[in-house]
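A.B. asks: File entry33.cif follows (mmCIF, C-alpha atoms; chains and numbers go by the auth columns):
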```
data_protein
loop_
_atom_site.group_PDB
_atom_site.id
_atom_site.type_symbol
_atom_site.label_atom_id
_atom_site.label_comp_id
_atom_site.label_asym_id
_atom_site.label_seq_id
_atom_site.Cartn_x
_atom_site.Cartn_y
_atom_site.Cartn_z
_atom_site.B_iso_or_equiv
_atom_site.auth_seq_id
_atom_site.auth_asym_id
ATOM 1 C CA MET A 1 -105.942 28.436 155.383 0.00 15 A
ATOM 2 C CA ARG A 2 -107.169 29.064 151.839 0.00 16 A
ATOM 3 C CA THR A 3 -107.589 26.298 149.274 0.00 17 A
ATOM 4 C CA LYS A 4 -104.237 25.225 147.826 0.00 18 A
ATOM 5 C CA ARG A 5 -103.713 24.137 144.244 0.00 19 A
ATOM 6 C CA ALA A 6 -102.572 20.545 143.706 0.00 20 A
ATOM 7 C CA ASN A 7 -101.311 19.001 140.478 0.00 21 A
ATOM 8 C CA ILE A 8 -100.879 15.553 138.971 0.00 22 A
ATOM 9 C CA ASP A 9 -97.126 14.976 138.784 0.00 23 A
ATOM 10 C CA SER A 10 -96.993 11.291 137.843 0.00 24 A
ATOM 11 C CA LEU A 11 -99.443 8.858 136.334 0.00 25 A
ATOM 12 C CA ASN A 12 -99.090 5.109 135.753 0.00 26 A
ATOM 13 C CA LEU A 13 -101.508 3.407 133.349 0.00 27 A
ATOM 14 C CA SER A 14 -102.023 -0.291 132.686 0.00 28 A
ATOM 15 C CA HIS A 15 -103.813 -2.360 130.035 0.00 29 A
ATOM 16 C CA ALA A 16 -103.334 -5.737 128.356 0.00 30 A
ATOM 17 C CA GLN A 17 -103.166 -4.091 124.893 0.00 31 A
ATOM 18 C CA LEU A 18 -101.189 -1.047 125.995 0.00 32 A
ATOM 19 C CA GLU A 19 -98.175 -1.716 123.760 0.00 33 A
ATOM 20 C CA ALA A 20 -100.360 -1.610 120.648 0.00 34 A
ATOM 21 C CA VAL A 21 -101.003 2.098 121.234 0.00 35 A
ATOM 22 C CA PHE A 22 -97.342 2.766 120.499 0.00 36 A
ATOM 23 C CA ILE A 23 -96.485 -0.021 118.038 0.00 37 A
ATOM 24 C CA TYR A 24 -99.028 1.186 115.499 0.00 38 A
ATOM 25 C CA HIS A 25 -98.290 4.895 115.932 0.00 39 A
ATOM 26 C CA GLU A 26 -95.784 6.436 113.537 0.00 40 A
ATOM 27 C CA ASP A 27 -94.628 8.969 116.142 0.00 41 A
ATOM 28 C CA TYR A 28 -93.349 6.277 118.518 0.00 42 A
ATOM 29 C CA SER A 29 -90.879 3.408 118.495 0.00 43 A
ATOM 30 C CA ILE A 30 -90.204 0.725 121.084 0.00 44 A
ATOM 31 C CA GLU A 31 -86.800 -0.529 122.206 0.00 45 A
ATOM 32 C CA THR A 32 -86.787 -3.886 123.985 0.00 46 A
ATOM 33 C CA VAL A 33 -84.567 -3.943 127.058 0.00 47 A
ATOM 34 C CA LYS A 34 -85.631 -7.047 128.999 0.00 48 A
ATOM 35 C CA THR A 35 -87.524 -10.175 127.935 0.00 49 A
ATOM 36 C CA LYS A 36 -86.799 -13.885 128.198 0.00 50 A
ATOM 37 C CA SER A 37 -84.283 -13.556 125.350 0.00 51 A
ATOM 38 C CA VAL A 38 -83.076 -9.937 125.737 0.00 52 A
ATOM 39 C CA PHE A 39 -81.312 -8.219 128.620 0.00 53 A
ATOM 40 C CA ASN A 40 -79.808 -4.759 128.225 0.00 54 A
ATOM 41 C CA PRO A 41 -79.880 -3.070 131.657 0.00 55 A
ATOM 42 C CA THR A 42 -77.372 -0.426 130.582 0.00 56 A
ATOM 43 C CA ALA A 43 -79.882 1.085 128.145 0.00 57 A
ATOM 44 C CA TRP A 44 -82.462 1.273 130.939 0.00 58 A
ATOM 45 C CA SER A 45 -80.138 2.966 133.418 0.00 59 A
ATOM 46 C CA LYS A 46 -79.013 5.470 130.784 0.00 60 A
ATOM 47 C CA ALA A 47 -82.602 6.316 129.914 0.00 61 A
ATOM 48 C CA PHE A 48 -84.056 6.572 133.432 0.00 62 A
ATOM 49 C CA GLY A 49 -81.164 6.626 135.887 0.00 63 A
ATOM 50 C CA LYS A 50 -82.491 3.511 137.618 0.00 64 A
ATOM 51 C CA THR A 51 -81.651 -0.167 137.691 0.00 65 A
ATOM 52 C CA LEU A 52 -84.048 -2.888 136.580 0.00 66 A
ATOM 53 C CA THR A 53 -85.541 -4.590 139.626 0.00 67 A
ATOM 54 C CA GLN A 54 -86.158 -8.344 139.708 0.00 68 A
ATOM 55 C CA ASN A 55 -89.942 -7.966 139.832 0.00 69 A
ATOM 56 C CA ILE A 56 -89.882 -6.379 136.352 0.00 70 A
ATOM 57 C CA ILE A 57 -90.069 -9.355 134.006 0.00 71 A
ATOM 58 C CA GLU A 58 -90.288 -7.308 130.809 0.00 72 A
ATOM 59 C CA ALA A 59 -89.000 -3.797 130.166 0.00 73 A
ATOM 60 C CA LYS A 60 -89.136 -1.630 127.075 0.00 74 A
ATOM 61 C CA ILE A 61 -88.337 1.985 126.262 0.00 75 A
ATOM 62 C CA ILE A 62 -90.869 4.017 124.310 0.00 76 A
ATOM 63 C CA HIS A 63 -89.153 6.676 122.164 0.00 77 A
ATOM 64 C CA THR A 64 -91.390 9.612 121.229 0.00 78 A
ATOM 65 C CA TYR A 65 -91.152 12.036 118.326 0.00 79 A
ATOM 66 C CA LEU A 66 -90.485 14.806 120.864 0.00 80 A
ATOM 67 C CA GLY A 67 -87.320 13.058 122.045 0.00 81 A
ATOM 68 C CA LEU A 68 -88.768 11.698 125.277 0.00 82 A
ATOM 69 C CA ARG A 69 -88.238 8.196 126.612 0.00 83 A
ATOM 70 C CA LEU A 70 -91.025 6.500 128.558 0.00 84 A
ATOM 71 C CA PRO A 71 -90.715 3.286 130.584 0.00 85 A
ATOM 72 C CA LEU A 72 -92.997 0.388 129.663 0.00 86 A
ATOM 73 C CA LYS A 73 -92.842 -2.290 132.357 0.00 87 A
ATOM 74 C CA THR A 74 -94.462 -5.643 133.039 0.00 88 A
ATOM 75 C CA TYR A 75 -94.322 -6.810 136.648 0.00 89 A
ATOM 76 C CA SER A 76 -94.289 -10.385 137.918 0.00 90 A
ATOM 77 C CA ARG A 77 -97.488 -9.786 139.917 0.00 91 A
ATOM 78 C CA SER A 78 -99.413 -8.792 136.751 0.00 92 A
ATOM 79 C CA LYS A 79 -97.771 -10.623 133.856 0.00 93 A
ATOM 80 C CA ASP A 80 -100.438 -9.789 131.262 0.00 94 A
ATOM 81 C CA THR A 81 -100.833 -6.060 131.877 0.00 95 A
ATOM 82 C CA PRO A 82 -97.866 -3.805 131.055 0.00 96 A
ATOM 83 C CA VAL A 83 -97.587 -0.379 132.677 0.00 97 A
ATOM 84 C CA VAL A 84 -96.549 2.915 131.100 0.00 98 A
ATOM 85 C CA GLU A 85 -95.240 5.617 133.397 0.00 99 A
ATOM 86 C CA PHE A 86 -95.616 9.367 132.882 0.00 100 A
ATOM 87 C CA ALA A 87 -93.411 10.697 135.685 0.00 101 A
ATOM 88 C CA GLY A 88 -92.605 14.378 136.191 0.00 102 A
ATOM 89 C CA LEU A 89 -95.630 16.064 134.631 0.00 103 A
ATOM 90 C CA HIS A 90 -95.353 19.002 137.031 0.00 104 A
ATOM 91 C CA GLY A 91 -91.633 19.583 137.148 0.00 105 A
ATOM 92 C CA TYR A 92 -90.958 23.194 136.120 0.00 106 A
ATOM 93 C CA ASN A 93 -88.840 22.262 133.096 0.00 107 A
ATOM 94 C CA GLU A 94 -89.021 21.589 129.366 0.00 108 A
ATOM 95 C CA ARG A 95 -89.329 17.848 129.850 0.00 109 A
ATOM 96 C CA SER A 96 -92.482 18.344 131.923 0.00 110 A
ATOM 97 C CA THR A 97 -93.984 20.495 129.174 0.00 111 A
ATOM 98 C CA LEU A 98 -93.217 17.879 126.521 0.00 112 A
ATOM 99 C CA LEU A 99 -94.412 15.029 128.747 0.00 113 A
ATOM 100 C CA THR A 100 -97.705 16.808 129.376 0.00 114 A
ATOM 101 C CA GLN A 101 -98.103 17.389 125.649 0.00 115 A
ATOM 102 C CA THR A 102 -97.455 13.701 124.946 0.00 116 A
ATOM 103 C CA LEU A 103 -99.993 12.469 127.483 0.00 117 A
ATOM 104 C CA ARG A 104 -102.669 14.841 126.238 0.00 118 A
ATOM 105 C CA GLU A 105 -102.049 13.784 122.628 0.00 119 A
ATOM 106 C CA LEU A 106 -102.479 10.140 123.656 0.00 120 A
ATOM 107 C CA GLU A 107 -105.470 10.784 125.917 0.00 121 A
ATOM 108 C CA SER A 108 -108.137 9.546 123.506 0.00 122 A
ATOM 109 C CA GLN A 109 -106.264 6.277 122.902 0.00 123 A
ATOM 110 C CA LEU A 110 -105.696 5.605 126.611 0.00 124 A
ATOM 111 C CA GLN A 111 -109.291 6.002 127.785 0.00 125 A
ATOM 112 C CA GLU A 112 -109.737 2.330 128.683 0.00 126 A
ATOM 113 C CA THR A 113 -106.427 1.980 130.521 0.00 127 A
ATOM 114 C CA ARG A 114 -106.513 1.437 134.259 0.00 128 A
ATOM 115 C CA VAL A 115 -105.013 4.038 136.570 0.00 129 A
ATOM 116 C CA ILE A 116 -102.721 2.217 138.984 0.00 130 A
ATOM 117 C CA ARG A 117 -100.809 5.171 140.446 0.00 131 A
ATOM 118 C CA ILE A 118 -101.297 8.932 140.749 0.00 132 A
ATOM 119 C CA ASP A 119 -98.798 11.270 142.396 0.00 133 A
ATOM 120 C CA ILE A 120 -100.349 14.531 143.562 0.00 134 A
ATOM 121 C CA ALA A 121 -97.932 17.418 144.109 0.00 135 A
ATOM 122 C CA ILE A 122 -98.570 20.401 146.386 0.00 136 A
ATOM 123 C CA ASP A 123 -95.787 22.978 146.213 0.00 137 A
ATOM 124 C CA PHE A 124 -94.831 25.707 148.669 0.00 138 A
ATOM 125 C CA LYS A 125 -92.431 28.518 147.859 0.00 139 A
ATOM 126 C CA GLY A 126 -90.043 28.793 150.758 0.00 140 A
ATOM 127 C CA LYS A 127 -90.430 26.479 153.747 0.00 141 A
ATOM 128 C CA MET A 128 -93.007 23.775 154.339 0.00 142 A
ATOM 129 C CA PRO A 129 -95.659 25.137 156.759 0.00 143 A
ATOM 130 C CA LYS A 130 -95.162 23.752 160.256 0.00 144 A
ATOM 131 C CA SER A 131 -98.905 23.134 160.533 0.00 145 A
ATOM 132 C CA ILE A 132 -98.620 20.439 157.855 0.00 146 A
ATOM 133 C CA THR A 133 -95.691 18.550 159.385 0.00 147 A
ATOM 134 C CA LYS A 134 -97.348 18.824 162.799 0.00 148 A
ATOM 135 C CA ALA A 135 -100.606 17.370 161.457 0.00 149 A
ATOM 136 C CA LEU A 136 -98.802 14.523 159.689 0.00 150 A
ATOM 137 C CA SER A 137 -96.820 13.667 162.815 0.00 151 A
ATOM 138 C CA LYS A 138 -99.994 13.150 164.860 0.00 152 A
ATOM 139 C CA THR A 139 -100.689 9.792 163.209 0.00 153 A
ATOM 140 C CA ARG A 140 -97.499 9.091 161.242 0.00 154 A
ATOM 141 C CA GLU A 141 -93.842 8.668 162.032 0.00 155 A
ATOM 142 C CA PRO A 142 -91.431 10.702 159.891 0.00 156 A
ATOM 143 C CA PHE A 143 -88.218 9.156 158.671 0.00 157 A
ATOM 144 C CA ARG A 144 -85.658 10.572 156.294 0.00 158 A
ATOM 145 C CA TRP A 145 -84.079 8.745 153.347 0.00 159 A
ATOM 146 C CA LYS A 146 -81.537 10.778 151.392 0.00 160 A
ATOM 147 C CA ASN A 147 -83.268 14.086 150.557 0.00 161 A
ATOM 148 C CA THR A 148 -86.836 12.958 151.270 0.00 162 A
ATOM 149 C CA THR A 149 -88.860 12.694 154.494 0.00 163 A
ATOM 150 C CA TYR A 150 -91.514 9.958 154.442 0.00 164 A
ATOM 151 C CA TYR A 151 -94.512 9.806 156.760 0.00 165 A
ATOM 152 C CA LYS A 152 -95.830 6.330 157.556 0.00 166 A
ATOM 153 C CA THR A 153 -98.287 4.930 160.062 0.00 167 A
ATOM 154 C CA ALA A 154 -97.263 2.245 162.526 0.00 168 A
ATOM 155 C CA LYS A 155 -99.107 -0.374 160.430 0.00 169 A
ATOM 156 C CA GLU A 156 -97.413 0.484 157.150 0.00 170 A
ATOM 157 C CA LYS A 157 -94.577 -1.649 155.918 0.00 171 A
ATOM 158 C CA LYS A 158 -91.709 -0.565 153.686 0.00 172 A
ATOM 159 C CA VAL A 159 -93.839 -1.202 150.587 0.00 173 A
ATOM 160 C CA ASN A 160 -97.356 0.154 150.869 0.00 174 A
ATOM 161 C CA GLN A 161 -99.836 -0.509 148.028 0.00 175 A
ATOM 162 C CA LYS A 162 -102.333 2.145 149.129 0.00 176 A
ATOM 163 C CA MET A 163 -100.781 5.556 149.801 0.00 177 A
ATOM 164 C CA ASP A 164 -97.397 7.147 150.471 0.00 178 A
ATOM 165 C CA ILE A 165 -96.779 10.654 151.806 0.00 179 A
ATOM 166 C CA LYS A 166 -93.477 12.461 151.474 0.00 180 A
ATOM 167 C CA ILE A 167 -91.878 15.901 151.634 0.00 181 A
ATOM 168 C CA TYR A 168 -88.779 16.956 149.746 0.00 182 A
ATOM 169 C CA ASP A 169 -86.899 19.948 148.389 0.00 183 A
ATOM 170 C CA LYS A 170 -88.276 20.380 144.871 0.00 184 A
ATOM 171 C CA ALA A 171 -85.878 23.222 144.092 0.00 185 A
ATOM 172 C CA LEU A 172 -82.974 20.807 144.576 0.00 186 A
ATOM 173 C CA TYR A 173 -84.360 18.290 142.067 0.00 187 A
ATOM 174 C CA ALA A 174 -85.684 20.832 139.556 0.00 188 A
ATOM 175 C CA GLY A 175 -82.683 23.160 139.662 0.00 189 A
ATOM 176 C CA LEU A 176 -84.822 26.152 140.619 0.00 190 A
ATOM 177 C CA ASP A 177 -83.180 29.431 141.638 0.00 191 A
ATOM 178 C CA TYR A 178 -85.733 29.963 144.415 0.00 192 A
ATOM 179 C CA PRO A 179 -86.738 27.741 147.366 0.00 193 A
ATOM 180 C CA MET A 180 -89.568 25.270 146.761 0.00 194 A
ATOM 181 C CA MET A 181 -90.748 22.470 149.039 0.00 195 A
ATOM 182 C CA ARG A 182 -93.068 19.738 147.775 0.00 196 A
ATOM 183 C CA LEU A 183 -95.678 17.749 149.668 0.00 197 A
ATOM 184 C CA GLU A 184 -96.461 14.676 147.603 0.00 198 A
ATOM 185 C CA PHE A 185 -99.204 12.093 147.974 0.00 199 A
ATOM 186 C CA CYS A 186 -98.712 8.902 146.003 0.00 200 A
ATOM 187 C CA PHE A 187 -102.013 7.070 145.580 0.00 201 A
ATOM 188 C CA LYS A 188 -101.521 3.452 144.550 0.00 202 A
ATOM 189 C CA ASN A 189 -103.386 0.462 143.176 0.00 203 A
ATOM 190 C CA ASP A 190 -105.293 -0.565 146.323 0.00 204 A
ATOM 191 C CA TYR A 191 -106.521 2.995 146.808 0.00 205 A
ATOM 192 C CA LEU A 192 -107.532 3.634 143.194 0.00 206 A
ATOM 193 C CA LYS A 193 -109.763 0.547 142.869 0.00 207 A
ATOM 194 C CA LYS A 194 -109.428 -0.175 139.119 0.00 208 A
ATOM 195 C CA VAL A 195 -110.626 3.213 137.894 0.00 209 A
ATOM 196 C CA GLN A 196 -110.037 3.801 134.176 0.00 210 A
ATOM 197 C CA LEU A 197 -108.468 6.947 132.766 0.00 211 A
ATOM 198 C CA LYS A 198 -111.802 8.072 131.331 0.00 212 A
ATOM 199 C CA ASP A 199 -113.148 8.221 134.900 0.00 213 A
ATOM 200 C CA ILE A 200 -110.076 9.692 136.598 0.00 214 A
ATOM 201 C CA GLU A 201 -111.870 12.807 137.797 0.00 215 A
ATOM 202 C CA SER A 202 -114.158 10.633 139.909 0.00 216 A
ATOM 203 C CA LEU A 203 -111.096 10.126 142.146 0.00 217 A
ATOM 204 C CA TYR A 204 -110.383 13.806 142.758 0.00 218 A
ATOM 205 C CA SER A 205 -112.818 14.343 145.609 0.00 219 A
ATOM 206 C CA LYS A 206 -111.648 11.185 147.385 0.00 220 A
ATOM 207 C CA MET A 207 -107.991 12.187 147.079 0.00 221 A
ATOM 208 C CA GLN A 208 -108.691 15.733 148.234 0.00 222 A
ATOM 209 C CA LYS A 209 -110.424 14.360 151.339 0.00 223 A
ATOM 210 C CA SER A 210 -107.477 12.045 152.075 0.00 224 A
ATOM 211 C CA ILE A 211 -105.067 14.972 151.837 0.00 225 A
ATOM 212 C CA LYS A 212 -107.314 17.062 154.102 0.00 226 A
ATOM 213 C CA ARG A 213 -107.576 14.262 156.651 0.00 227 A
ATOM 214 C CA ALA A 214 -103.801 13.753 156.796 0.00 228 A
ATOM 215 C CA THR A 215 -102.661 17.377 156.766 0.00 229 A
ATOM 216 C CA GLY A 216 -105.628 19.640 157.491 0.00 230 A
ATOM 217 C CA LEU A 217 -104.988 21.248 154.118 0.00 231 A
ATOM 218 C CA ASP A 218 -107.813 22.103 151.724 0.00 232 A
ATOM 219 C CA VAL A 219 -106.644 21.396 148.177 0.00 233 A
ATOM 220 C CA LYS A 220 -108.153 21.456 144.711 0.00 234 A
ATOM 221 C CA ILE A 221 -106.630 19.079 142.182 0.00 235 A
ATOM 222 C CA GLU A 222 -106.203 20.913 138.895 0.00 236 A
ATOM 223 C CA ARG A 223 -108.114 19.460 135.968 0.00 237 A
ATOM 224 C CA PHE A 224 -105.607 17.824 133.637 0.00 238 A
ATOM 225 C CA PHE A 225 -107.589 16.082 130.919 0.00 239 A
ATOM 226 C CA SER A 226 -110.280 17.232 128.508 0.00 240 A
ATOM 227 C CA LEU A 227 -112.653 14.500 129.661 0.00 241 A
#
```
What's the structure tokens form of this structure?
C.D. replies:
Amino acid sequence: MRTKRANIDSLNLSHAQLEAVFIYHEDYSIETVKTKSVFNPTAWSKAFGKTLTQNIIEAKIIHTYLGLRLPLKTYSRSKDTPVVEFAGLHGYNERSTLLTQTLRELESQLQETRVIRIDIAIDFKGKMPKSITKALSKTREPFRWKNTTYYKTAKEKKVNQKMDIKIYDKALYAGLDYPMMRLEFCFKNDYLKKVQLKDIESLYSKMQKSIKRATGLDVKIERFFSL
């Protein structure tokens, strides 16, 4: 099988001074949703379609000049390092285009942030190749939740801080008029080992090997940044 293109779809970045990037930038404003003295979960659910979980001790919405809203979260396990989430960078819609533009505009100011999650998307027009699901099933047990099939090893618990693998119908989520299945690898904090954004490309080879080992698929992660 020839080398398949893979793309960064989501990226979570963390840093103690992360909020300052947006506070002192005229193109952004911050709306506080949850702190010790503020609690407005309705604003959060309207912005992101999700509820605030208990492990999020502070939550804020970053409003961009392009009309985007980005989640800024502080978790109980890392109280001094907020996280900004760029989710849906490779989504076949206008929001993805604007989100990509935003991240690239902020790239120089986010160099020292720590990468704590990367979602790598590999898309297939039509059906998912049987060779991939067969390879995954050799060492992982598939289980379906709503419209997504997850593949986990026997040792993995419900929450895994290293890597998740899933397959879902991207056409359904993106509103495409042609069939598209997505294989997604979510690489998390324990896998990424405190790599900063400026060194993100040092992770590409490692991630490509992990994808190859799990699926037998040769992939090349597309260069995203101008580093």
A.B. asks: Provide the atom CA of Lys172 of chain A to atom CA of Thr65 of chain A distance in Å, to one decimal place.
C.D. replies: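 Computing it gives 18.9 Å between the two atoms.
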A.B. asks: Find the spatial neighbours of Thr67 of chain A, counting only C-alpha atoms, within a cut-off of 12 Å - ignore same-chain residues fewer than 6 positions away - and output them as an mmCIF file with C-alpha atoms, keeping the file's coordinate frame.
C.D. replies:
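This went into part.cif:
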```cif
data_model
loop_
_atom_site.group_PDB
_atom_site.id
_atom_site.type_symbol
_atom_site.label_atom_id
_atom_site.label_comp_id
_atom_site.auth_asym_id
_atom_site.auth_seq_id
_atom_site.Cartn_x
_atom_site.Cartn_y
_atom_site.Cartn_z
ATOM 1 C CA LYS A 48 -85.631 -7.047 128.999
ATOM 2 C CA PRO A 55 -79.880 -3.070 131.657
ATOM 3 C CA TRP A 58 -82.462 1.273 130.939
ATOM 4 C CA SER A 59 -80.138 2.966 133.418
ATOM 5 C CA ALA A 73 -89.000 -3.797 130.166
ATOM 6 C CA LYS A 87 -92.842 -2.290 132.357
ATOM 7 C CA THR A 88 -94.462 -5.643 133.039
ATOM 8 C CA TYR A 89 -94.322 -6.810 136.648
ATOM 9 C CA SER A 90 -94.289 -10.385 137.918
#
```
A.B. asks: Which residues fall under the PyMOL selection byres ((chain A and resi 180) around 9) in this file, as a ChimeraX atom specification?
C.D. replies: /A:156,162-166,178-179,181-182,196-200
A.B. asks: Report, as AutoDock Vina command-line options, the centre and edge lengths in Å (one decimal) of the axis-aligned box enclosing every listed atom of segment 162-172 of chain A, padded by 4 Å on each side.
C.D. replies:
```
--center_x -93.0 --center_y 5.7 --center_z 156.9 --size_x 20.3 --size_y 22.6 --size_z 19.3
```
A.B. asks: Could you give me, as a list in words, the residues that have an atom at most 9 Å away from the point (-107.8, 18.0, 141.8) in the coordinates of the file, using all atoms listed in the file?
C.D. replies: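 Final list of nearby residues, as requested, is Arg19, Ala20, Asn21, Ile22, Ile134, Glu215, Leu217, Tyr218, Ser219, Met221, Gln222, Val233, Lys234, Ile235, Glu236, Arg237 and Phe238 of chain A.
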A.B. asks: One decimal, in Å: what's the spacing between atom CA of Gly81 of chain A and atom CA of Arg109 of chain A?
C.D. replies: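 These atoms are spaced 9.4 Å apart.
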